[in-house]
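Remarks on the structure that follows.
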Amino acid sequence: MAKKRALITGITGQDGSYLAEFLLTKGYEVIGMVRRSSTVNFERIRHIQDKVTLVSGDLLDQGSLINILREHRPQEVYNLAAQSFVPTSWQQPVFTGEVTALGVTRVLEAIRTVDPEIRFYQASSSEMFGKVREVPQRETTPFYPRSPYGVAKVYGHWITVNYRESYGLFAVSGILFNHESPRRGLEFVTRKVTYHVAKIKLGLTDKVALGNLDSKRDWGFAGDYVRAMWLMLQQDRPDDYVVGTGETHSVQQLCEAAFSHVGLDWRDYVVQDPRFMRPAEVDLLVADPSKAKRTLGWEPEVSFEQLIGMMVDADIALLKKLYNL
């Protein structure tokens with residue numbers, strides 16, 4: 001039997017790297033789309049780079065997407081590529097819209113043109129709920145995005161639904177709540193905290209500056225969440241799912257967990273800086289993942305405390321290597 005082939009856009013990102021790993025364990029042939037740029041970072045996939053096929057393409061370029069689908073003929077496409085850092089979306093709102101919103105349409109249109117049998121996964125986001133209409137948030141909760149990124153993700157979500165209903169595509173959206181890992185970018189608050197905790201523990205710095213400490217999120221482990229993406233494309237019928245832990249923690253609790261992991265008191269090191277406050281804040285995001293549990297049989301396996309501990313340990317190891325400590 002021929003190997004299943006999957007195309008991952010955004011393979012060099014946190015989710016892309018975990019998904020590629022996961023699909024390889026399932027016996028897939030994995031094709032990863034990367035943008036031609038002078039700053040592509042292959043760090044997250046270096047350990048599996050010889051096991052995947054990397055191809056050049058861009059969500060801004062329809063032709064490149066059609067060519068990749070024609071040449072490699074994947075049965076599954078996972079669209080994880082996006083301008084995905086929320087604060088940047090205020091500085092680059094048009095670019096965010098082009099990539100994170102219209103990029104989805106370009107992928108869907110390429111699938112419709114080349115092979116409508118391809119199964120498509122869209123990475124939707126809990127940021128679409130923004131100023132939340134109900135707690136917890138489920139598949140039927142109305143969207144009220146509070147950033148250009150959230151607005152772009154709402155477009156990507158609805159165009160996926162639209163192509164499913166208009167053309168009969170097997171197109172699904174995973175509304176993923178915050179998911180973190182040692183591979184998270186340093187600009188994200190979880191990794192910023194764990195990295196600084198590691199630096200403080202090793203005597204390399206003595207402070208970490210953060211924004212709103214009361215902001216609450218539903219944080220889970222990225223490695224758990226890519227399993228849910230794959231499960232969505234294995235179902236008999238396409239549908240959308242909220243994926244999260246159903247637990248919420250504040251940025252302050254994140255600090256408490258990270259600092260206490262190395263025996264320190266967060267209050268001695270955390271300073272609040274107004275530069276890190278958002279123009280429009282998202283206050284309380286927490287998932288109701290019961291549909292994913294019921295239909296997909298999906299459960300998160302890594303707890304919040306385990307996740308933060310794992311990230312702190314990884315950052316300590318990284319910094320020791322970096323500074324020859």
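All residue names refer to the structure tokens as shown: chains lettered A, B, ... in order, residues numbered from 1 in each chain, ligands numbered from 1 in order.
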
Secondary structure check, strand (DSSP E) residues of segment 247-276 of chain A, as a PyMOL selection string: chain A and resi 249-250+270-272

Now that the selection is made, can you save its residues with N, CA, C and O atoms as a PDB file, in the first residue's frame?
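Okay, this is what ended up in selection.pdb:
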ATOM      1  N   HIS A 249      -5.294  29.665  33.249  1.00  0.00           N
ATOM      2  CA  HIS A 249      -4.257  30.153  34.161  1.00  0.00           C
ATOM      3  C   HIS A 249      -3.893  31.578  33.769  1.00  0.00           C
ATOM      4  O   HIS A 249      -3.879  31.913  32.584  1.00  0.00           O
ATOM      5  N   SER A 250      -3.599  32.397  34.759  1.00  0.00           N
ATOM      6  CA  SER A 250      -3.183  33.782  34.484  1.00  0.00           C
ATOM      7  C   SER A 250      -1.689  33.824  34.200  1.00  0.00           C
ATOM      8  O   SER A 250      -0.950  32.873  34.502  1.00  0.00           O
ATOM      9  N   VAL A 270       9.884  39.777  38.619  1.00  0.00           N
ATOM     10  CA  VAL A 270       8.963  40.224  37.564  1.00  0.00           C
ATOM     11  C   VAL A 270       8.638  41.707  37.729  1.00  0.00           C
ATOM     12  O   VAL A 270       8.263  42.153  38.808  1.00  0.00           O
ATOM     13  N   VAL A 271       8.819  42.473  36.631  1.00  0.00           N
ATOM     14  CA  VAL A 271       8.391  43.877  36.625  1.00  0.00           C
ATOM     15  C   VAL A 271       7.373  44.069  35.496  1.00  0.00           C
ATOM     16  O   VAL A 271       7.484  43.455  34.447  1.00  0.00           O
ATOM     17  N   GLN A 272       6.365  44.910  35.762  1.00  0.00           N
ATOM     18  CA  GLN A 272       5.365  45.183  34.724  1.00  0.00           C
ATOM     19  C   GLN A 272       5.808  46.370  33.879  1.00  0.00           C
ATOM     20  O   GLN A 272       6.313  47.362  34.404  1.00  0.00           O
TER      21      GLN A 272
END

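Residues surrounding segment 72-76 of chain A within 8 Å are Lys4, Arg5, Ala6, Leu7, Ile31, Ile68, Leu69, Arg70, Tyr78, Glu117, Ile118, Arg119, Phe120, Tyr121 and Leu233 of chain A [only C-alpha atoms; sequence separation below 2 positions excluded].
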
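Going from atom CA of Asp224 of chain A over to atom CA of Glu256 of chain A, you cover 23.3 Å.
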
At a cut-off of 7 Å, can you tabulate as a Markdown table every residue of segment 7-124 of chain A near segment 143-158 of chain A together with its closest atom pair and the distance in Å to one decimal, using only C-alpha atoms and ordering rows by chain then number?
| residue | atom | partner | partner_atom | distance |
| --- | --- | --- | --- | --- |
| A:Ser84 | CA | A:Tyr149 | CA | 7.0 |
| A:Val86 | CA | A:Tyr149 | CA | 5.7 |
| A:Ser89 | CA | A:Tyr149 | CA | 5.4 |
| A:Trp90 | CA | A:Pro148 | CA | 6.2 |
| A:Pro93 | CA | A:Pro148 | CA | 5.7 |
| A:Thr96 | CA | A:Tyr149 | CA | 6.4 |
| A:Gly97 | CA | A:Ala152 | CA | 5.3 |
| A:Thr100 | CA | A:Ala152 | CA | 5.6 |
| A:Ala101 | CA | A:Ala152 | CA | 4.6 |
| A:Val104 | CA | A:Gly156 | CA | 5.5 |
| A:Ser124 | CA | A:His157 | CA | 6.0 |

Could you turn the residues from that selection into a file that holds N, CA and C atoms, as a tab-separated table (two decimals), in the first residue's frame?
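Saved to out.tsv:
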chain	number	residue	atom	x	y	z
A	84	SER	N	1.69	34.91	12.81
A	84	SER	CA	0.93	34.40	13.96
A	84	SER	C	1.26	35.08	15.29
A	86	VAL	N	0.55	37.95	17.67
A	86	VAL	CA	-0.54	38.93	17.79
A	86	VAL	C	-0.04	40.39	17.81
A	89	SER	N	0.62	41.94	14.54
A	89	SER	CA	-0.52	42.17	13.65
A	89	SER	C	-1.02	43.61	13.71
A	90	TRP	N	-0.71	44.34	14.80
A	90	TRP	CA	-1.06	45.77	14.82
A	90	TRP	C	-0.06	46.59	14.01
A	93	PRO	N	-0.82	45.12	9.85
A	93	PRO	CA	-2.19	44.59	9.68
A	93	PRO	C	-2.50	44.12	8.26
A	96	THR	N	-0.62	40.85	7.63
A	96	THR	CA	-1.30	39.80	8.41
A	96	THR	C	-2.55	39.32	7.68
A	97	GLY	N	-3.31	40.26	7.13
A	97	GLY	CA	-4.51	39.90	6.37
A	97	GLY	C	-4.19	39.11	5.11
A	100	THR	N	-2.58	35.54	6.67
A	100	THR	CA	-3.37	34.77	7.63
A	100	THR	C	-4.82	34.61	7.18
A	101	ALA	N	-5.32	35.57	6.40
A	101	ALA	CA	-6.70	35.49	5.90
A	101	ALA	C	-6.72	35.00	4.44
A	104	VAL	N	-5.39	31.55	3.21
A	104	VAL	CA	-6.25	30.36	3.34
A	104	VAL	C	-7.06	30.15	2.06
A	124	SER	N	-7.29	27.34	12.90
A	124	SER	CA	-8.03	28.46	13.47
A	124	SER	C	-7.49	28.72	14.87

Those of segment 8-221 of chain A in DSSP alpha helix (DSSP H), formatted as a VMD selection string: chain A and resid 14 to 25 62 to 72 86 to 91 93 to 96 103 to 114 148 to 167 189 to 201
